[in-house]
Amino acid sequence: MTVTIKPVDPVGRAFFAGEVSGVDLTRPLSAAEVEAIHAGMDRYGVLVFHGQKIDDEQQLVFSRALGPLETATGDIAAPEDRRISMDLNDISNLDKHGKVVPRDDRRRLFGLGNQLWHSDSSFKEVPAKYSILSARQIPNADGNTEFADMRAAYDALDDATKAEARDMICAHSQIFSRGILGFTDFTDAERVKWAPVRQRLVRKHPRTGRLSLYLSSHAGGIEGWPVPEARAFLRDLNEHATQRKFVYAHRWAPGDLVMWDNRVTMHRARRYDHTQVRDMRRTTLTNEVSSLEQAP
């Protein structure tokens, strides 16, 4: 089969989010298919694959064909409470027995942070490259995922703001992003695990050379700035970057697989009926190097 990628919205947003056809993810990819997917990611930032009813092992084979994976250490579940492999992030509302967790469950409350605009694993010294999310079972309604194009957002900044932001270094931590929602129930070990890390605010894509804003709800400070001023500036940038003209909203169907480049996008989950099952599995490719090494 020949890989074909076309814009999801060719009129309003032809530059962002592509729909892929001609690929069967239940079988290993050819070298040509791998390169076509990388090229599609370089162009669109987000790729959508419909009708891919895959299992965990098939998702892992597909993901590893594109690059090395990071270990799923970003959630708050203890290892003995996990229901799937540490090679996958459990993006669900289920416990290890497959039951929907209660509304006040600590893991659910922590997971609500995914409803904030963020970039996956920006709280790690070496952050994420691609995220690959497979929808196994979804609620009857709602629960969309929204993606914002950080390349277009950077391009639309005025020259003075571009110059000001160009060399800024931000501090990222899940302690900060969850604190925005009032979640402060962290153990001492978790506070050590998620101590702030340094990330660039503007980074350069290694293949395309394009510059983008590297924003996230995990970002809670700017080196050399007072905290209130830094957070006000970052809030302004987030409001700018998530204007609807920069955003693609994906409405999930069972069997959808969506992948995105965390170097050039932010995303957020939307609310849904928490009593209904939402079972999604995410594999995540590591960026391999710190954002500090991708200076503009």
# chains A, B, ... in the order shown; residues from 1 in each chain; ligands from 1
$ residues_around --residues "Pro139 in chain A" --least-positions-apart "6" --cutoff "7 Å" --atoms "only C-alpha atoms" --output "list in words"
Gln276, Val277 and Arg278 of chain A
$ select_by_dssp --residues "range 131-179 of chain A" --states "helix (DSSP H, G or I)" --output "PDB file with N, CA and C atoms, in the first residue's frame"
ATOM      1  N   MET A 150       2.221  24.990  17.826  1.00  0.00           N
ATOM      2  CA  MET A 150       3.159  25.934  18.432  1.00  0.00           C
ATOM      3  C   MET A 150       4.087  26.581  17.412  1.00  0.00           C
ATOM      4  N   ARG A 151       4.169  26.021  16.206  1.00  0.00           N
ATOM      5  CA  ARG A 151       4.936  26.674  15.132  1.00  0.00           C
ATOM      6  C   ARG A 151       4.178  27.901  14.638  1.00  0.00           C
ATOM      7  N   ALA A 152       2.899  27.709  14.347  1.00  0.00           N
ATOM      8  CA  ALA A 152       2.083  28.837  13.881  1.00  0.00           C
ATOM      9  C   ALA A 152       1.968  29.896  14.959  1.00  0.00           C
ATOM     10  N   ALA A 153       1.871  29.454  16.223  1.00  0.00           N
ATOM     11  CA  ALA A 153       1.775  30.410  17.326  1.00  0.00           C
ATOM     12  C   ALA A 153       3.045  31.253  17.420  1.00  0.00           C
ATOM     13  N   TYR A 154       4.203  30.611  17.257  1.00  0.00           N
ATOM     14  CA  TYR A 154       5.451  31.379  17.278  1.00  0.00           C
ATOM     15  C   TYR A 154       5.511  32.352  16.108  1.00  0.00           C
ATOM     16  N   ASP A 155       5.174  31.882  14.922  1.00  0.00           N
ATOM     17  CA  ASP A 155       5.240  32.736  13.736  1.00  0.00           C
ATOM     18  C   ASP A 155       4.365  33.978  13.886  1.00  0.00           C
ATOM     19  N   ASP A 159       7.609  40.840  16.589  1.00  0.00           N
ATOM     20  CA  ASP A 159       9.065  40.695  16.603  1.00  0.00           C
ATOM     21  C   ASP A 159       9.663  40.946  17.983  1.00  0.00           C
ATOM     22  N   ALA A 160       9.117  41.887  18.733  1.00  0.00           N
ATOM     23  CA  ALA A 160       9.654  42.199  20.052  1.00  0.00           C
ATOM     24  C   ALA A 160       9.498  41.012  21.000  1.00  0.00           C
ATOM     25  N   THR A 161       8.348  40.339  20.954  1.00  0.00           N
ATOM     26  CA  THR A 161       8.122  39.184  21.828  1.00  0.00           C
ATOM     27  C   THR A 161       8.991  38.014  21.399  1.00  0.00           C
ATOM     28  N   LYS A 162       9.145  37.831  20.091  1.00  0.00           N
ATOM     29  CA  LYS A 162      10.053  36.777  19.618  1.00  0.00           C
ATOM     30  C   LYS A 162      11.467  36.989  20.160  1.00  0.00           C
ATOM     31  N   ALA A 163      11.939  38.203  20.095  1.00  0.00           N
ATOM     32  CA  ALA A 163      13.298  38.504  20.568  1.00  0.00           C
ATOM     33  C   ALA A 163      13.412  38.300  22.071  1.00  0.00           C
ATOM     34  N   GLU A 164      12.369  38.687  22.810  1.00  0.00           N
ATOM     35  CA  GLU A 164      12.389  38.547  24.262  1.00  0.00           C
ATOM     36  C   GLU A 164      12.381  37.083  24.681  1.00  0.00           C
ATOM     37  N   ALA A 165      11.590  36.265  23.983  1.00  0.00           N
ATOM     38  CA  ALA A 165      11.413  34.867  24.377  1.00  0.00           C
ATOM     39  C   ALA A 165      12.528  33.956  23.889  1.00  0.00           C
ATOM     40  N   GLN A 174       5.489  18.603  37.162  1.00  0.00           N
ATOM     41  CA  GLN A 174       4.101  18.190  37.360  1.00  0.00           C
ATOM     42  C   GLN A 174       3.563  18.696  38.698  1.00  0.00           C
ATOM     43  N   ILE A 175       4.446  18.994  39.629  1.00  0.00           N
ATOM     44  CA  ILE A 175       3.997  19.581  40.901  1.00  0.00           C
ATOM     45  C   ILE A 175       3.291  20.899  40.614  1.00  0.00           C
ATOM     46  N   PHE A 176       3.842  21.679  39.672  1.00  0.00           N
ATOM     47  CA  PHE A 176       3.225  22.965  39.350  1.00  0.00           C
ATOM     48  C   PHE A 176       1.921  22.784  38.591  1.00  0.00           C
ATOM     49  N   SER A 177       1.901  21.940  37.548  1.00  0.00           N
ATOM     50  CA  SER A 177       0.687  21.819  36.732  1.00  0.00           C
ATOM     51  C   SER A 177      -0.480  21.297  37.567  1.00  0.00           C
ATOM     52  N   ARG A 178      -0.236  20.310  38.425  1.00  0.00           N
ATOM     53  CA  ARG A 178      -1.334  19.798  39.254  1.00  0.00           C
ATOM     54  C   ARG A 178      -1.758  20.815  40.307  1.00  0.00           C
ATOM     55  N   GLY A 179      -0.811  21.628  40.746  1.00  0.00           N
ATOM     56  CA  GLY A 179      -1.150  22.675  41.714  1.00  0.00           C
ATOM     57  C   GLY A 179      -2.118  23.695  41.149  1.00  0.00           C
TER      58      GLY A 179
END
$ closest_residue --among "A:Leu94, A:Val192, A:Val20, A:Ile138" --to "Val258 in chain A" --atoms "only C-alpha atoms"
A:Val20
$ closest_residue --among "A:Asp142, A:Asp279, A:Glu293, A:Asp256" --to "Asn89 in chain A" --atoms "only C-alpha atoms"
A:Asp279
$ closest_atom_pairs --of "range 7-50 of chain A" --to "range 195-211 of chain A" --cutoff "10 Å" --atoms "only C-alpha atoms" --output "JSON lines"
{"residue": "A:His38", "atom": "CA", "partner": "A:Arg207", "partner_atom": "CA", "distance": 9.8}
{"residue": "A:Ala39", "atom": "CA", "partner": "A:Arg207", "partner_atom": "CA", "distance": 9.3}
{"residue": "A:Asp42", "atom": "CA", "partner": "A:Thr208", "partner_atom": "CA", "distance": 6.7}
{"residue": "A:Arg43", "atom": "CA", "partner": "A:Thr208", "partner_atom": "CA", "distance": 8.5}
$ residues_around --residues "range 21-24 of chain A" --least-positions-apart "6" --cutoff "8 Å" --atoms "only C-alpha atoms" --output "PyMOL selection string"
chain A and resi 1-5+33+49-50+52
$ write_last_selection --atoms "C-alpha atoms" --output "short mmCIF file (atom, residue, chain, number, x, y, z; two decimals), in the first residue's frame"
data_model
loop_
_atom_site.label_atom_id
_atom_site.label_comp_id
_atom_site.auth_asym_id
_atom_site.auth_seq_id
_atom_site.Cartn_x
_atom_site.Cartn_y
_atom_site.Cartn_z
CA MET A 1 0.00 0.00 0.00
CA THR A 2 1.03 3.59 -0.58
CA VAL A 3 0.92 5.98 2.36
CA THR A 4 -1.31 8.97 1.65
CA ILE A 5 -1.62 11.96 3.98
CA GLU A 33 6.29 3.78 5.34
CA PHE A 49 -5.06 6.99 11.60
CA HIS A 50 -8.65 5.67 11.52
CA GLN A 52 -6.62 0.74 13.52
#
$ atom_distance --atom1 "CA of Tyr44 in chain A" --atom2 "CA of Phe147 in chain A"
11.3 Å
$ decode --residues "range 170-276 of chain A" --atoms "C-alpha atoms" --output "mmCIF file, in the first residue's frame"
data_model
loop_
_atom_site.group_PDB
_atom_site.id
_atom_site.type_symbol
_atom_site.label_atom_id
_atom_site.label_comp_id
_atom_site.auth_asym_id
_atom_site.auth_seq_id
_atom_site.Cartn_x
_atom_site.Cartn_y
_atom_site.Cartn_z
ATOM 1 C CA CYS A 170 11.661 27.757 31.877
ATOM 2 C CA ALA A 171 11.229 25.435 34.858
ATOM 3 C CA HIS A 172 8.791 22.549 34.266
ATOM 4 C CA SER A 173 7.247 20.239 36.876
ATOM 5 C CA GLN A 174 4.101 18.190 37.360
ATOM 6 C CA ILE A 175 3.997 19.581 40.901
ATOM 7 C CA PHE A 176 3.225 22.965 39.350
ATOM 8 C CA SER A 177 0.687 21.819 36.732
ATOM 9 C CA ARG A 178 -1.334 19.798 39.254
ATOM 10 C CA GLY A 179 -1.150 22.675 41.714
ATOM 11 C CA ILE A 180 -3.051 24.834 39.205
ATOM 12 C CA LEU A 181 -6.039 22.552 39.832
ATOM 13 C CA GLY A 182 -5.507 22.433 43.587
ATOM 14 C CA PHE A 183 -3.960 18.947 43.618
ATOM 15 C CA THR A 184 -1.165 19.017 46.207
ATOM 16 C CA ASP A 185 -1.353 15.439 47.523
ATOM 17 C CA PHE A 186 2.237 14.452 46.753
ATOM 18 C CA THR A 187 4.522 12.194 48.734
ATOM 19 C CA ASP A 188 8.084 13.276 49.511
ATOM 20 C CA ALA A 189 9.338 10.755 46.926
ATOM 21 C CA GLU A 190 7.041 12.194 44.255
ATOM 22 C CA ARG A 191 8.236 15.714 44.995
ATOM 23 C CA VAL A 192 11.823 14.537 44.449
ATOM 24 C CA LYS A 193 10.844 12.582 41.309
ATOM 25 C CA TRP A 194 9.125 15.639 39.788
ATOM 26 C CA ALA A 195 11.575 18.322 40.856
ATOM 27 C CA PRO A 196 11.668 21.143 38.259
ATOM 28 C CA VAL A 197 13.711 20.651 35.084
ATOM 29 C CA ARG A 198 14.996 23.234 32.614
ATOM 30 C CA GLN A 199 13.506 23.590 29.119
ATOM 31 C CA ARG A 200 13.852 26.167 26.367
ATOM 32 C CA LEU A 201 10.873 28.421 25.667
ATOM 33 C CA VAL A 202 11.726 28.599 21.951
ATOM 34 C CA ARG A 203 13.204 25.565 20.234
ATOM 35 C CA LYS A 204 14.307 24.629 16.739
ATOM 36 C CA HIS A 205 13.039 21.495 15.009
ATOM 37 C CA PRO A 206 16.072 19.386 14.026
ATOM 38 C CA ARG A 207 14.654 18.264 10.648
ATOM 39 C CA THR A 208 12.661 21.241 9.410
ATOM 40 C CA GLY A 209 14.544 24.066 11.117
ATOM 41 C CA ARG A 210 11.236 25.705 12.113
ATOM 42 C CA LEU A 211 10.997 27.528 15.440
ATOM 43 C CA SER A 212 8.171 26.889 17.870
ATOM 44 C CA LEU A 213 7.062 27.864 21.342
ATOM 45 C CA TYR A 214 7.658 25.147 23.929
ATOM 46 C CA LEU A 215 4.787 25.804 26.299
ATOM 47 C CA SER A 216 3.054 23.588 28.837
ATOM 48 C CA SER A 217 0.988 23.783 32.008
ATOM 49 C CA HIS A 218 4.068 22.195 33.609
ATOM 50 C CA ALA A 219 6.010 25.453 33.079
ATOM 51 C CA GLY A 220 5.911 27.479 36.283
ATOM 52 C CA GLY A 221 8.874 29.830 36.073
ATOM 53 C CA ILE A 222 11.418 31.599 33.883
ATOM 54 C CA GLU A 223 15.066 31.785 34.902
ATOM 55 C CA GLY A 224 16.004 35.265 36.111
ATOM 56 C CA TRP A 225 12.387 36.469 36.419
ATOM 57 C CA PRO A 226 10.239 36.948 39.518
ATOM 58 C CA VAL A 227 7.692 34.122 39.685
ATOM 59 C CA PRO A 228 4.548 36.301 39.381
ATOM 60 C CA GLU A 229 5.926 38.106 36.331
ATOM 61 C CA ALA A 230 7.055 34.836 34.721
ATOM 62 C CA ARG A 231 3.686 33.179 35.212
ATOM 63 C CA ALA A 232 1.835 36.215 33.878
ATOM 64 C CA PHE A 233 4.025 36.197 30.754
ATOM 65 C CA LEU A 234 3.570 32.458 30.257
ATOM 66 C CA ARG A 235 -0.185 32.842 30.707
ATOM 67 C CA ASP A 236 -0.236 35.490 27.973
ATOM 68 C CA LEU A 237 1.741 33.200 25.651
ATOM 69 C CA ASN A 238 -0.600 30.279 26.353
ATOM 70 C CA GLU A 239 -3.659 32.402 25.594
ATOM 71 C CA HIS A 240 -2.048 33.505 22.337
ATOM 72 C CA ALA A 241 -0.973 29.982 21.351
ATOM 73 C CA THR A 242 -4.346 28.331 21.951
ATOM 74 C CA GLN A 243 -6.495 30.633 19.840
ATOM 75 C CA ARG A 244 -8.981 28.575 17.834
ATOM 76 C CA LYS A 245 -7.198 29.363 14.561
ATOM 77 C CA PHE A 246 -4.226 27.339 15.825
ATOM 78 C CA VAL A 247 -6.269 24.408 17.213
ATOM 79 C CA TYR A 248 -7.461 21.066 15.814
ATOM 80 C CA ALA A 249 -10.030 19.175 17.925
ATOM 81 C CA HIS A 250 -10.080 15.409 17.413
ATOM 82 C CA ARG A 251 -13.367 13.618 17.993
ATOM 83 C CA TRP A 252 -12.479 10.038 18.875
ATOM 84 C CA ALA A 253 -13.906 6.852 17.383
ATOM 85 C CA PRO A 254 -12.941 3.342 18.518
ATOM 86 C CA GLY A 255 -9.851 2.219 16.622
ATOM 87 C CA ASP A 256 -8.523 5.729 16.071
ATOM 88 C CA LEU A 257 -4.807 6.203 16.603
ATOM 89 C CA VAL A 258 -3.499 9.759 16.820
ATOM 90 C CA MET A 259 0.146 10.723 17.041
ATOM 91 C CA TRP A 260 1.644 14.137 17.609
ATOM 92 C CA ASP A 261 5.015 15.813 17.867
ATOM 93 C CA ASN A 262 5.417 17.273 21.349
ATOM 94 C CA ARG A 263 8.192 19.541 20.081
ATOM 95 C CA VAL A 264 5.729 21.554 17.998
ATOM 96 C CA THR A 265 2.341 21.065 19.678
ATOM 97 C CA MET A 266 0.424 21.358 22.920
ATOM 98 C CA HIS A 267 -2.670 19.314 23.617
ATOM 99 C CA ARG A 268 -5.381 18.806 26.210
ATOM 100 C CA ALA A 269 -8.139 16.280 26.911
ATOM 101 C CA ARG A 270 -11.724 17.492 27.248
ATOM 102 C CA ARG A 271 -14.266 16.471 29.875
ATOM 103 C CA TYR A 272 -16.510 13.427 29.538
ATOM 104 C CA ASP A 273 -18.888 11.389 31.713
ATOM 105 C CA HIS A 274 -16.469 9.904 34.246
ATOM 106 C CA THR A 275 -18.776 6.943 34.937
ATOM 107 C CA GLN A 276 -18.280 5.643 31.383
#
